[in-house]
$ cat run15.cif   # mmCIF, N, CA and C atoms, pLDDT in the B column; chains and numbers go by the auth columns
data_work
#
loop_
_atom_site.group_PDB
_atom_site.id
_atom_site.type_symbol
_atom_site.label_atom_id
_atom_site.label_comp_id
_atom_site.label_asym_id
_atom_site.label_seq_id
_atom_site.Cartn_x
_atom_site.Cartn_y
_atom_site.Cartn_z
_atom_site.B_iso_or_equiv
_atom_site.auth_seq_id
_atom_site.auth_asym_id
ATOM 1 N N MET A 1 -22.591 -11.375 -9.047 62.00 1294 A
ATOM 2 C CA MET A 1 -21.294 -11.322 -8.382 62.00 1294 A
ATOM 3 C C MET A 1 -20.901 -9.866 -8.172 62.00 1294 A
ATOM 4 N N SER A 2 -20.406 -9.560 -7.001 82.00 1295 A
ATOM 5 C CA SER A 2 -20.043 -8.181 -6.684 82.00 1295 A
ATOM 6 C C SER A 2 -18.668 -7.838 -7.249 82.00 1295 A
ATOM 7 N N GLU A 3 -18.447 -6.553 -7.401 93.00 1296 A
ATOM 8 C CA GLU A 3 -17.195 -6.056 -7.954 93.00 1296 A
ATOM 9 C C GLU A 3 -16.061 -6.262 -6.943 93.00 1296 A
ATOM 10 N N THR A 4 -14.873 -6.612 -7.457 96.00 1297 A
ATOM 11 C CA THR A 4 -13.715 -6.776 -6.580 96.00 1297 A
ATOM 12 C C THR A 4 -12.633 -5.776 -6.974 96.00 1297 A
ATOM 13 N N TYR A 5 -11.734 -5.536 -6.054 97.00 1298 A
ATOM 14 C CA TYR A 5 -10.699 -4.516 -6.222 97.00 1298 A
ATOM 15 C C TYR A 5 -9.336 -5.097 -5.872 97.00 1298 A
ATOM 16 N N ASN A 6 -8.314 -4.584 -6.542 97.00 1299 A
ATOM 17 C CA ASN A 6 -6.928 -4.907 -6.215 97.00 1299 A
ATOM 18 C C ASN A 6 -6.274 -3.642 -5.681 97.00 1299 A
ATOM 19 N N ILE A 7 -5.425 -3.788 -4.679 97.00 1300 A
ATOM 20 C CA ILE A 7 -4.713 -2.655 -4.111 97.00 1300 A
ATOM 21 C C ILE A 7 -3.232 -2.809 -4.462 97.00 1300 A
ATOM 22 N N TYR A 8 -2.662 -1.746 -5.022 97.00 1301 A
ATOM 23 C CA TYR A 8 -1.264 -1.723 -5.416 97.00 1301 A
ATOM 24 C C TYR A 8 -0.557 -0.561 -4.728 97.00 1301 A
ATOM 25 N N PHE A 9 0.779 -0.653 -4.702 96.00 1302 A
ATOM 26 C CA PHE A 9 1.601 0.453 -4.234 96.00 1302 A
ATOM 27 C C PHE A 9 2.802 0.539 -5.156 96.00 1302 A
ATOM 28 N N ALA A 10 3.122 1.764 -5.600 95.00 1303 A
ATOM 29 C CA ALA A 10 4.220 1.958 -6.545 95.00 1303 A
ATOM 30 C C ALA A 10 5.327 2.836 -5.970 95.00 1303 A
ATOM 31 N N GLY A 11 5.388 2.948 -4.653 94.00 1304 A
ATOM 32 C CA GLY A 11 6.468 3.701 -4.026 94.00 1304 A
ATOM 33 C C GLY A 11 6.204 5.190 -3.872 94.00 1304 A
ATOM 34 N N GLU A 12 5.009 5.642 -4.236 96.00 1305 A
ATOM 35 C CA GLU A 12 4.699 7.069 -4.120 96.00 1305 A
ATOM 36 C C GLU A 12 4.288 7.435 -2.700 96.00 1305 A
ATOM 37 N N LEU A 13 4.782 8.589 -2.260 97.00 1306 A
ATOM 38 C CA LEU A 13 4.446 9.097 -0.937 97.00 1306 A
ATOM 39 C C LEU A 13 3.427 10.222 -1.064 97.00 1306 A
ATOM 40 N N LEU A 14 2.651 10.406 -0.038 97.00 1307 A
ATOM 41 C CA LEU A 14 1.759 11.559 0.019 97.00 1307 A
ATOM 42 C C LEU A 14 2.600 12.792 0.348 97.00 1307 A
ATOM 43 N N PRO A 15 2.191 13.960 -0.113 97.00 1308 A
ATOM 44 C CA PRO A 15 2.964 15.181 0.149 97.00 1308 A
ATOM 45 C C PRO A 15 3.209 15.398 1.640 97.00 1308 A
ATOM 46 N N GLY A 16 4.437 15.829 1.951 96.00 1309 A
ATOM 47 C CA GLY A 16 4.791 16.153 3.326 96.00 1309 A
ATOM 48 C C GLY A 16 5.260 14.983 4.169 96.00 1309 A
ATOM 49 N N HIS A 17 5.466 13.824 3.557 97.00 1310 A
ATOM 50 C CA HIS A 17 5.896 12.646 4.305 97.00 1310 A
ATOM 51 C C HIS A 17 7.320 12.256 3.927 97.00 1310 A
ATOM 52 N N ASP A 18 8.072 11.799 4.910 96.00 1311 A
ATOM 53 C CA ASP A 18 9.454 11.374 4.749 96.00 1311 A
ATOM 54 C C ASP A 18 9.492 9.884 4.404 96.00 1311 A
ATOM 55 N N GLU A 19 10.308 9.510 3.416 94.00 1312 A
ATOM 56 C CA GLU A 19 10.339 8.117 2.969 94.00 1312 A
ATOM 57 C C GLU A 19 10.739 7.150 4.080 94.00 1312 A
ATOM 58 N N ASP A 20 11.714 7.504 4.888 95.00 1313 A
ATOM 59 C CA ASP A 20 12.145 6.603 5.961 95.00 1313 A
ATOM 60 C C ASP A 20 11.024 6.340 6.960 95.00 1313 A
ATOM 61 N N GLU A 21 10.261 7.392 7.291 96.00 1314 A
ATOM 62 C CA GLU A 21 9.147 7.230 8.225 96.00 1314 A
ATOM 63 C C GLU A 21 8.043 6.381 7.604 96.00 1314 A
ATOM 64 N N VAL A 22 7.759 6.608 6.332 97.00 1315 A
ATOM 65 C CA VAL A 22 6.716 5.835 5.644 97.00 1315 A
ATOM 66 C C VAL A 22 7.145 4.371 5.544 97.00 1315 A
ATOM 67 N N ARG A 23 8.412 4.134 5.235 96.00 1316 A
ATOM 68 C CA ARG A 23 8.924 2.750 5.187 96.00 1316 A
ATOM 69 C C ARG A 23 8.700 2.051 6.531 96.00 1316 A
ATOM 70 N N ALA A 24 9.029 2.745 7.601 96.00 1317 A
ATOM 71 C CA ALA A 24 8.867 2.158 8.936 96.00 1317 A
ATOM 72 C C ALA A 24 7.394 1.862 9.231 96.00 1317 A
ATOM 73 N N ARG A 25 6.525 2.779 8.860 97.00 1318 A
ATOM 74 C CA ARG A 25 5.086 2.570 9.101 97.00 1318 A
ATOM 75 C C ARG A 25 4.543 1.406 8.278 97.00 1318 A
ATOM 76 N N LEU A 26 4.942 1.333 7.003 96.00 1319 A
ATOM 77 C CA LEU A 26 4.476 0.231 6.155 96.00 1319 A
ATOM 78 C C LEU A 26 5.058 -1.100 6.617 96.00 1319 A
ATOM 79 N N ALA A 27 6.296 -1.093 7.092 96.00 1320 A
ATOM 80 C CA ALA A 27 6.903 -2.319 7.622 96.00 1320 A
ATOM 81 C C ALA A 27 6.073 -2.846 8.783 96.00 1320 A
ATOM 82 N N LYS A 28 5.656 -1.946 9.640 96.00 1321 A
ATOM 83 C CA LYS A 28 4.843 -2.342 10.790 96.00 1321 A
ATOM 84 C C LYS A 28 3.442 -2.770 10.337 96.00 1321 A
ATOM 85 N N LEU A 29 2.849 -2.007 9.424 95.00 1322 A
ATOM 86 C CA LEU A 29 1.495 -2.285 8.950 95.00 1322 A
ATOM 87 C C LEU A 29 1.390 -3.656 8.284 95.00 1322 A
ATOM 88 N N PHE A 30 2.366 -3.974 7.440 93.00 1323 A
ATOM 89 C CA PHE A 30 2.328 -5.228 6.683 93.00 1323 A
ATOM 90 C C PHE A 30 3.253 -6.303 7.242 93.00 1323 A
ATOM 91 N N ASN A 31 3.905 -6.024 8.363 95.00 1324 A
ATOM 92 C CA ASN A 31 4.871 -6.957 8.944 95.00 1324 A
ATOM 93 C C ASN A 31 5.894 -7.350 7.877 95.00 1324 A
ATOM 94 N N ALA A 32 6.415 -6.330 7.186 93.00 1325 A
ATOM 95 C CA ALA A 32 7.294 -6.533 6.040 93.00 1325 A
ATOM 96 C C ALA A 32 8.767 -6.471 6.432 93.00 1325 A
ATOM 97 N N ASN A 33 9.563 -7.324 5.797 94.00 1326 A
ATOM 98 C CA ASN A 33 11.009 -7.295 6.024 94.00 1326 A
ATOM 99 C C ASN A 33 11.660 -6.334 5.027 94.00 1326 A
ATOM 100 N N ASP A 34 12.986 -6.186 5.117 93.00 1327 A
ATOM 101 C CA ASP A 34 13.705 -5.250 4.255 93.00 1327 A
ATOM 102 C C ASP A 34 13.552 -5.582 2.771 93.00 1327 A
ATOM 103 N N ALA A 35 13.577 -6.864 2.425 94.00 1328 A
ATOM 104 C CA ALA A 35 13.453 -7.261 1.019 94.00 1328 A
ATOM 105 C C ALA A 35 12.088 -6.867 0.465 94.00 1328 A
ATOM 106 N N THR A 36 11.053 -7.053 1.257 93.00 1329 A
ATOM 107 C CA THR A 36 9.704 -6.676 0.832 93.00 1329 A
ATOM 108 C C THR A 36 9.599 -5.168 0.669 93.00 1329 A
ATOM 109 N N LEU A 37 10.183 -4.423 1.595 94.00 1330 A
ATOM 110 C CA LEU A 37 10.156 -2.962 1.498 94.00 1330 A
ATOM 111 C C LEU A 37 10.903 -2.475 0.257 94.00 1330 A
ATOM 112 N N GLU A 38 12.002 -3.133 -0.088 94.00 1331 A
ATOM 113 C CA GLU A 38 12.736 -2.759 -1.297 94.00 1331 A
ATOM 114 C C GLU A 38 11.862 -2.936 -2.533 94.00 1331 A
ATOM 115 N N LYS A 39 11.090 -4.026 -2.571 94.00 1332 A
ATOM 116 C CA LYS A 39 10.167 -4.245 -3.693 94.00 1332 A
ATOM 117 C C LYS A 39 9.095 -3.155 -3.723 94.00 1332 A
ATOM 118 N N LEU A 40 8.531 -2.855 -2.551 93.00 1333 A
ATOM 119 C CA LEU A 40 7.459 -1.858 -2.480 93.00 1333 A
ATOM 120 C C LEU A 40 7.929 -0.485 -2.948 93.00 1333 A
ATOM 121 N N PHE A 41 9.175 -0.138 -2.644 95.00 1334 A
ATOM 122 C CA PHE A 41 9.701 1.182 -2.979 95.00 1334 A
ATOM 123 C C PHE A 41 10.584 1.166 -4.239 95.00 1334 A
ATOM 124 N N SER A 42 10.432 0.134 -5.057 94.00 1335 A
ATOM 125 C CA SER A 42 11.242 0.013 -6.273 94.00 1335 A
ATOM 126 C C SER A 42 10.788 0.957 -7.388 94.00 1335 A
ATOM 127 N N GLY A 43 9.584 1.516 -7.243 92.00 1336 A
ATOM 128 C CA GLY A 43 9.046 2.373 -8.288 92.00 1336 A
ATOM 129 C C GLY A 43 8.126 1.621 -9.230 92.00 1336 A
ATOM 130 N N LYS A 44 8.139 0.293 -9.136 95.00 1337 A
ATOM 131 C CA LYS A 44 7.237 -0.529 -9.941 95.00 1337 A
ATOM 132 C C LYS A 44 5.994 -0.831 -9.121 95.00 1337 A
ATOM 133 N N ARG A 45 4.878 -0.946 -9.810 96.00 1338 A
ATOM 134 C CA ARG A 45 3.612 -1.222 -9.120 96.00 1338 A
ATOM 135 C C ARG A 45 3.637 -2.634 -8.533 96.00 1338 A
ATOM 136 N N GLN A 46 3.381 -2.723 -7.232 96.00 1339 A
ATOM 137 C CA GLN A 46 3.377 -3.995 -6.512 96.00 1339 A
ATOM 138 C C GLN A 46 1.979 -4.279 -5.976 96.00 1339 A
ATOM 139 N N LEU A 47 1.518 -5.509 -6.154 96.00 1340 A
ATOM 140 C CA LEU A 47 0.208 -5.914 -5.652 96.00 1340 A
ATOM 141 C C LEU A 47 0.270 -6.078 -4.136 96.00 1340 A
ATOM 142 N N ILE A 48 -0.643 -5.425 -3.443 95.00 1341 A
ATOM 143 C CA ILE A 48 -0.731 -5.534 -1.983 95.00 1341 A
ATOM 144 C C ILE A 48 -1.843 -6.510 -1.585 95.00 1341 A
ATOM 145 N N LYS A 49 -3.017 -6.348 -2.216 95.00 1342 A
ATOM 146 C CA LYS A 49 -4.175 -7.195 -1.891 95.00 1342 A
ATOM 147 C C LYS A 49 -4.978 -7.413 -3.167 95.00 1342 A
ATOM 148 N N ARG A 50 -5.357 -8.654 -3.421 96.00 1343 A
ATOM 149 C CA ARG A 50 -6.063 -9.027 -4.645 96.00 1343 A
ATOM 150 C C ARG A 50 -7.531 -9.377 -4.350 96.00 1343 A
ATOM 151 N N ASP A 51 -8.401 -8.989 -5.271 96.00 1344 A
ATOM 152 C CA ASP A 51 -9.814 -9.399 -5.275 96.00 1344 A
ATOM 153 C C ASP A 51 -10.541 -9.188 -3.949 96.00 1344 A
ATOM 154 N N CYS A 52 -10.460 -7.981 -3.411 96.00 1345 A
ATOM 155 C CA CYS A 52 -11.176 -7.714 -2.163 96.00 1345 A
ATOM 156 C C CYS A 52 -12.434 -6.890 -2.454 96.00 1345 A
ATOM 157 N N ASP A 53 -13.355 -6.928 -1.515 96.00 1346 A
ATOM 158 C CA ASP A 53 -14.586 -6.155 -1.688 96.00 1346 A
ATOM 159 C C ASP A 53 -14.313 -4.674 -1.431 96.00 1346 A
ATOM 160 N N LYS A 54 -15.311 -3.844 -1.704 95.00 1347 A
ATOM 161 C CA LYS A 54 -15.122 -2.404 -1.604 95.00 1347 A
ATOM 162 C C LYS A 54 -14.754 -1.970 -0.186 95.00 1347 A
ATOM 163 N N ALA A 55 -15.412 -2.536 0.818 96.00 1348 A
ATOM 164 C CA ALA A 55 -15.136 -2.163 2.210 96.00 1348 A
ATOM 165 C C ALA A 55 -13.691 -2.485 2.586 96.00 1348 A
ATOM 166 N N THR A 56 -13.213 -3.650 2.183 96.00 1349 A
ATOM 167 C CA THR A 56 -11.838 -4.035 2.480 96.00 1349 A
ATOM 168 C C THR A 56 -10.862 -3.139 1.731 96.00 1349 A
ATOM 169 N N ALA A 57 -11.157 -2.844 0.476 96.00 1350 A
ATOM 170 C CA ALA A 57 -10.297 -1.952 -0.314 96.00 1350 A
ATOM 171 C C ALA A 57 -10.186 -0.588 0.345 96.00 1350 A
ATOM 172 N N LEU A 58 -11.293 -0.076 0.859 96.00 1351 A
ATOM 173 C CA LEU A 58 -11.272 1.225 1.530 96.00 1351 A
ATOM 174 C C LEU A 58 -10.463 1.177 2.818 96.00 1351 A
ATOM 175 N N LYS A 59 -10.545 0.067 3.552 97.00 1352 A
ATOM 176 C CA LYS A 59 -9.742 -0.076 4.776 97.00 1352 A
ATOM 177 C C LYS A 59 -8.247 -0.053 4.448 97.00 1352 A
ATOM 178 N N TYR A 60 -7.864 -0.793 3.419 96.00 1353 A
ATOM 179 C CA TYR A 60 -6.463 -0.801 2.996 96.00 1353 A
ATOM 180 C C TYR A 60 -6.037 0.589 2.551 96.00 1353 A
ATOM 181 N N LYS A 61 -6.879 1.245 1.750 97.00 1354 A
ATOM 182 C CA LYS A 61 -6.573 2.589 1.257 97.00 1354 A
ATOM 183 C C LYS A 61 -6.326 3.543 2.425 97.00 1354 A
ATOM 184 N N GLN A 62 -7.218 3.532 3.399 97.00 1355 A
ATOM 185 C CA GLN A 62 -7.088 4.424 4.554 97.00 1355 A
ATOM 186 C C GLN A 62 -5.843 4.107 5.366 97.00 1355 A
ATOM 187 N N ALA A 63 -5.556 2.834 5.572 97.00 1356 A
ATOM 188 C CA ALA A 63 -4.384 2.443 6.368 97.00 1356 A
ATOM 189 C C ALA A 63 -3.085 2.845 5.666 97.00 1356 A
ATOM 190 N N ILE A 64 -3.029 2.646 4.352 97.00 1357 A
ATOM 191 C CA ILE A 64 -1.825 2.996 3.595 97.00 1357 A
ATOM 192 C C ILE A 64 -1.645 4.508 3.572 97.00 1357 A
ATOM 193 N N GLU A 65 -2.742 5.243 3.365 98.00 1358 A
ATOM 194 C CA GLU A 65 -2.656 6.705 3.369 98.00 1358 A
ATOM 195 C C GLU A 65 -2.262 7.242 4.751 98.00 1358 A
ATOM 196 N N LYS A 66 -2.771 6.613 5.801 97.00 1359 A
ATOM 197 C CA LYS A 66 -2.407 7.030 7.158 97.00 1359 A
ATOM 198 C C LYS A 66 -0.908 6.844 7.402 97.00 1359 A
ATOM 199 N N ALA A 67 -0.323 5.848 6.752 97.00 1360 A
ATOM 200 C CA ALA A 67 1.110 5.608 6.854 97.00 1360 A
ATOM 201 C C ALA A 67 1.915 6.625 6.034 97.00 1360 A
ATOM 202 N N GLY A 68 1.228 7.389 5.175 98.00 1361 A
ATOM 203 C CA GLY A 68 1.900 8.416 4.369 98.00 1361 A
ATOM 204 C C GLY A 68 2.202 7.993 2.946 98.00 1361 A
ATOM 205 N N ALA A 69 1.634 6.869 2.516 97.00 1362 A
ATOM 206 C CA ALA A 69 1.872 6.348 1.175 97.00 1362 A
ATOM 207 C C ALA A 69 0.633 6.516 0.308 97.00 1362 A
ATOM 208 N N LYS A 70 0.831 6.463 -0.999 97.00 1363 A
ATOM 209 C CA LYS A 70 -0.264 6.639 -1.950 97.00 1363 A
ATOM 210 C C LYS A 70 -0.601 5.299 -2.602 97.00 1363 A
ATOM 211 N N PRO A 71 -1.735 4.689 -2.224 97.00 1364 A
ATOM 212 C CA PRO A 71 -2.121 3.412 -2.823 97.00 1364 A
ATOM 213 C C PRO A 71 -2.791 3.613 -4.190 97.00 1364 A
ATOM 214 N N LEU A 72 -2.802 2.562 -4.978 96.00 1365 A
ATOM 215 C CA LEU A 72 -3.510 2.550 -6.247 96.00 1365 A
ATOM 216 C C LEU A 72 -4.560 1.450 -6.169 96.00 1365 A
ATOM 217 N N ILE A 73 -5.795 1.787 -6.507 93.00 1366 A
ATOM 218 C CA ILE A 73 -6.874 0.796 -6.438 93.00 1366 A
ATOM 219 C C ILE A 73 -7.465 0.593 -7.812 93.00 1366 A
#

$ encode --input "run15.cif" --output "structure tokens"
Amino acid sequence: MSETYNIYFAGELLPGHDEDEVRARLAKLFNANDATLEKLFSGKRQLIKRDCDKATALKYKQAIEKAGAKPLI
């Protein structure tokens, strides 16, 4: 059985990014409503994707980083 990965987000931004802009990008990326965004930016680690393969985990990582956020894998 191959290794699986979970992707989390704890509200951390990459350096040089504005929170409002990152919120808007993540809302579009995940089709998230205001309540979901509040959870994502609560400061607590939130599960984004569970048990994915390495290629999928890397795609999520790149997409989240492109939005200006710091994912945890």

$ atom_distance --input "run15.cif" --atom1 "atom C of Ser1295 (chain A)" --atom2 "atom C of Gln1339 (chain A)"
21.0 Å

$ resolve_selection --input "run15.cif" --expression "the PyMOL selection byres (((chain A and resi 1296 and name CA) around 8) and name CA)" --output "PDB file with N, CA and C atoms, keeping the file's coordinate frame"
ATOM      1  N   MET A1294     -22.591 -11.375  -9.047  1.00 62.00           N
ATOM      2  CA  MET A1294     -21.294 -11.322  -8.382  1.00 62.00           C
ATOM      3  C   MET A1294     -20.901  -9.866  -8.172  1.00 62.00           C
ATOM      4  N   SER A1295     -20.406  -9.560  -7.001  1.00 82.00           N
ATOM      5  CA  SER A1295     -20.043  -8.181  -6.684  1.00 82.00           C
ATOM      6  C   SER A1295     -18.668  -7.838  -7.249  1.00 82.00           C
ATOM      7  N   THR A1297     -14.873  -6.612  -7.457  1.00 96.00           N
ATOM      8  CA  THR A1297     -13.715  -6.776  -6.580  1.00 96.00           C
ATOM      9  C   THR A1297     -12.633  -5.776  -6.974  1.00 96.00           C
ATOM     10  N   TYR A1298     -11.734  -5.536  -6.054  1.00 97.00           N
ATOM     11  CA  TYR A1298     -10.699  -4.516  -6.222  1.00 97.00           C
ATOM     12  C   TYR A1298      -9.336  -5.097  -5.872  1.00 97.00           C
ATOM     13  N   ASP A1346     -13.355  -6.928  -1.515  1.00 96.00           N
ATOM     14  CA  ASP A1346     -14.586  -6.155  -1.688  1.00 96.00           C
ATOM     15  C   ASP A1346     -14.313  -4.674  -1.431  1.00 96.00           C
ATOM     16  N   LYS A1347     -15.311  -3.844  -1.704  1.00 95.00           N
ATOM     17  CA  LYS A1347     -15.122  -2.404  -1.604  1.00 95.00           C
ATOM     18  C   LYS A1347     -14.754  -1.970  -0.186  1.00 95.00           C
TER      19      LYS A1347
END

$ select_by_dssp --input "run15.cif" --residues "chain A" --states "strand (DSSP E or B)" --output "PDB file with N, CA and C atoms, in the frame of the given file"
ATOM      1  N   TYR A1298     -11.734  -5.536  -6.054  1.00 97.00           N
ATOM      2  CA  TYR A1298     -10.699  -4.516  -6.222  1.00 97.00           C
ATOM      3  C   TYR A1298      -9.336  -5.097  -5.872  1.00 97.00           C
ATOM      4  N   ASN A1299      -8.314  -4.584  -6.542  1.00 97.00           N
ATOM      5  CA  ASN A1299      -6.928  -4.907  -6.215  1.00 97.00           C
ATOM      6  C   ASN A1299      -6.274  -3.642  -5.681  1.00 97.00           C
ATOM      7  N   ILE A1300      -5.425  -3.788  -4.679  1.00 97.00           N
ATOM      8  CA  ILE A1300      -4.713  -2.655  -4.111  1.00 97.00           C
ATOM      9  C   ILE A1300      -3.232  -2.809  -4.462  1.00 97.00           C
ATOM     10  N   TYR A1301      -2.662  -1.746  -5.022  1.00 97.00           N
ATOM     11  CA  TYR A1301      -1.264  -1.723  -5.416  1.00 97.00           C
ATOM     12  C   TYR A1301      -0.557  -0.561  -4.728  1.00 97.00           C
ATOM     13  N   PHE A1302       0.779  -0.653  -4.702  1.00 96.00           N
ATOM     14  CA  PHE A1302       1.601   0.453  -4.234  1.00 96.00           C
ATOM     15  C   PHE A1302       2.802   0.539  -5.156  1.00 96.00           C
ATOM     16  N   ALA A1303       3.122   1.764  -5.600  1.00 95.00           N
ATOM     17  CA  ALA A1303       4.220   1.958  -6.545  1.00 95.00           C
ATOM     18  C   ALA A1303       5.327   2.836  -5.970  1.00 95.00           C
ATOM     19  N   GLY A1304       5.388   2.948  -4.653  1.00 94.00           N
ATOM     20  CA  GLY A1304       6.468   3.701  -4.026  1.00 94.00           C
ATOM     21  C   GLY A1304       6.204   5.190  -3.872  1.00 94.00           C
ATOM     22  N   GLU A1305       5.009   5.642  -4.236  1.00 96.00           N
ATOM     23  CA  GLU A1305       4.699   7.069  -4.120  1.00 96.00           C
ATOM     24  C   GLU A1305       4.288   7.435  -2.700  1.00 96.00           C
ATOM     25  N   LEU A1306       4.782   8.589  -2.260  1.00 97.00           N
ATOM     26  CA  LEU A1306       4.446   9.097  -0.937  1.00 97.00           C
ATOM     27  C   LEU A1306       3.427  10.222  -1.064  1.00 97.00           C
ATOM     28  N   GLN A1339       3.381  -2.723  -7.232  1.00 96.00           N
ATOM     29  CA  GLN A1339       3.377  -3.995  -6.512  1.00 96.00           C
ATOM     30  C   GLN A1339       1.979  -4.279  -5.976  1.00 96.00           C
ATOM     31  N   LEU A1340       1.518  -5.509  -6.154  1.00 96.00           N
ATOM     32  CA  LEU A1340       0.208  -5.914  -5.652  1.00 96.00           C
ATOM     33  C   LEU A1340       0.270  -6.078  -4.136  1.00 96.00           C
ATOM     34  N   ILE A1341      -0.643  -5.425  -3.443  1.00 95.00           N
ATOM     35  CA  ILE A1341      -0.731  -5.534  -1.983  1.00 95.00           C
ATOM     36  C   ILE A1341      -1.843  -6.510  -1.585  1.00 95.00           C
ATOM     37  N   LYS A1342      -3.017  -6.348  -2.216  1.00 95.00           N
ATOM     38  CA  LYS A1342      -4.175  -7.195  -1.891  1.00 95.00           C
ATOM     39  C   LYS A1342      -4.978  -7.413  -3.167  1.00 95.00           C
ATOM     40  N   ARG A1343      -5.357  -8.654  -3.421  1.00 96.00           N
ATOM     41  CA  ARG A1343      -6.063  -9.027  -4.645  1.00 96.00           C
ATOM     42  C   ARG A1343      -7.531  -9.377  -4.350  1.00 96.00           C
ATOM     43  N   ASP A1344      -8.401  -8.989  -5.271  1.00 96.00           N
ATOM     44  CA  ASP A1344      -9.814  -9.399  -5.275  1.00 96.00           C
ATOM     45  C   ASP A1344     -10.541  -9.188  -3.949  1.00 96.00           C
ATOM     46  N   CYS A1345     -10.460  -7.981  -3.411  1.00 96.00           N
ATOM     47  CA  CYS A1345     -11.176  -7.714  -2.163  1.00 96.00           C
ATOM     48  C   CYS A1345     -12.434  -6.890  -2.454  1.00 96.00           C
ATOM     49  N   ALA A1362       1.634   6.869   2.516  1.00 97.00           N
ATOM     50  CA  ALA A1362       1.872   6.348   1.175  1.00 97.00           C
ATOM     51  C   ALA A1362       0.633   6.516   0.308  1.00 97.00           C
ATOM     52  N   LYS A1363       0.831   6.463  -0.999  1.00 97.00           N
ATOM     53  CA  LYS A1363      -0.264   6.639  -1.950  1.00 97.00           C
ATOM     54  C   LYS A1363      -0.601   5.299  -2.602  1.00 97.00           C
ATOM     55  N   PRO A1364      -1.735   4.689  -2.224  1.00 97.00           N
ATOM     56  CA  PRO A1364      -2.121   3.412  -2.823  1.00 97.00           C
ATOM     57  C   PRO A1364      -2.791   3.613  -4.190  1.00 97.00           C
ATOM     58  N   LEU A1365      -2.802   2.562  -4.978  1.00 96.00           N
ATOM     59  CA  LEU A1365      -3.510   2.550  -6.247  1.00 96.00           C
ATOM     60  C   LEU A1365      -4.560   1.450  -6.169  1.00 96.00           C
TER      61      LEU A1365
END

$ atom_distance --input "run15.cif" --atom1 "CA of Leu1319 (chain A)" --atom2 "CA of Ala1360 (chain A)"
6.4 Å

$ select_by_dssp --input "run15.cif" --residues "chain A" --states "helix (DSSP H, G or I)" --output "compact mmCIF listing (two decimals) with N, CA and C atoms, in the frame of the given file"
# COMPACT_ATOMS: atom_id res chain seq x y z
N GLU A 1312 10.31 9.51 3.42
CA GLU A 1312 10.34 8.12 2.97
C GLU A 1312 10.74 7.15 4.08
N ASP A 1313 11.71 7.50 4.89
CA ASP A 1313 12.14 6.60 5.96
C ASP A 1313 11.02 6.34 6.96
N GLU A 1314 10.26 7.39 7.29
CA GLU A 1314 9.15 7.23 8.22
C GLU A 1314 8.04 6.38 7.60
N VAL A 1315 7.76 6.61 6.33
CA VAL A 1315 6.72 5.84 5.64
C VAL A 1315 7.14 4.37 5.54
N ARG A 1316 8.41 4.13 5.24
CA ARG A 1316 8.92 2.75 5.19
C ARG A 1316 8.70 2.05 6.53
N ALA A 1317 9.03 2.74 7.60
CA ALA A 1317 8.87 2.16 8.94
C ALA A 1317 7.39 1.86 9.23
N ARG A 1318 6.52 2.78 8.86
CA ARG A 1318 5.09 2.57 9.10
C ARG A 1318 4.54 1.41 8.28
N LEU A 1319 4.94 1.33 7.00
CA LEU A 1319 4.48 0.23 6.16
C LEU A 1319 5.06 -1.10 6.62
N ALA A 1320 6.30 -1.09 7.09
CA ALA A 1320 6.90 -2.32 7.62
C ALA A 1320 6.07 -2.85 8.78
N LYS A 1321 5.66 -1.95 9.64
CA LYS A 1321 4.84 -2.34 10.79
C LYS A 1321 3.44 -2.77 10.34
N LEU A 1322 2.85 -2.01 9.42
CA LEU A 1322 1.50 -2.28 8.95
C LEU A 1322 1.39 -3.66 8.28
N PHE A 1323 2.37 -3.97 7.44
CA PHE A 1323 2.33 -5.23 6.68
C PHE A 1323 3.25 -6.30 7.24
N ASP A 1327 12.99 -6.19 5.12
CA ASP A 1327 13.70 -5.25 4.26
C ASP A 1327 13.55 -5.58 2.77
N ALA A 1328 13.58 -6.86 2.42
CA ALA A 1328 13.45 -7.26 1.02
C ALA A 1328 12.09 -6.87 0.46
N THR A 1329 11.05 -7.05 1.26
CA THR A 1329 9.70 -6.68 0.83
C THR A 1329 9.60 -5.17 0.67
N LEU A 1330 10.18 -4.42 1.60
CA LEU A 1330 10.16 -2.96 1.50
C LEU A 1330 10.90 -2.48 0.26
N GLU A 1331 12.00 -3.13 -0.09
CA GLU A 1331 12.74 -2.76 -1.30
C GLU A 1331 11.86 -2.94 -2.53
N LYS A 1332 11.09 -4.03 -2.57
CA LYS A 1332 10.17 -4.24 -3.69
C LYS A 1332 9.10 -3.16 -3.72
N LEU A 1333 8.53 -2.86 -2.55
CA LEU A 1333 7.46 -1.86 -2.48
C LEU A 1333 7.93 -0.48 -2.95
N LYS A 1347 -15.31 -3.84 -1.70
CA LYS A 1347 -15.12 -2.40 -1.60
C LYS A 1347 -14.75 -1.97 -0.19
N ALA A 1348 -15.41 -2.54 0.82
CA ALA A 1348 -15.14 -2.16 2.21
C ALA A 1348 -13.69 -2.48 2.59
N THR A 1349 -13.21 -3.65 2.18
CA THR A 1349 -11.84 -4.04 2.48
C THR A 1349 -10.86 -3.14 1.73
N ALA A 1350 -11.16 -2.84 0.48
CA ALA A 1350 -10.30 -1.95 -0.31
C ALA A 1350 -10.19 -0.59 0.34
N LEU A 1351 -11.29 -0.08 0.86
CA LEU A 1351 -11.27 1.23 1.53
C LEU A 1351 -10.46 1.18 2.82
N LYS A 1352 -10.54 0.07 3.55
CA LYS A 1352 -9.74 -0.08 4.78
C LYS A 1352 -8.25 -0.05 4.45
N TYR A 1353 -7.86 -0.79 3.42
CA TYR A 1353 -6.46 -0.80 3.00
C TYR A 1353 -6.04 0.59 2.55
N LYS A 1354 -6.88 1.25 1.75
CA LYS A 1354 -6.57 2.59 1.26
C LYS A 1354 -6.33 3.54 2.42
N GLN A 1355 -7.22 3.53 3.40
CA GLN A 1355 -7.09 4.42 4.55
C GLN A 1355 -5.84 4.11 5.37
N ALA A 1356 -5.56 2.83 5.57
CA ALA A 1356 -4.38 2.44 6.37
C ALA A 1356 -3.08 2.84 5.67
N ILE A 1357 -3.03 2.65 4.35
CA ILE A 1357 -1.82 3.00 3.60
C ILE A 1357 -1.64 4.51 3.57
N GLU A 1358 -2.74 5.24 3.36
CA GLU A 1358 -2.66 6.70 3.37
C GLU A 1358 -2.26 7.24 4.75
N LYS A 1359 -2.77 6.61 5.80
CA LYS A 1359 -2.41 7.03 7.16
C LYS A 1359 -0.91 6.84 7.40
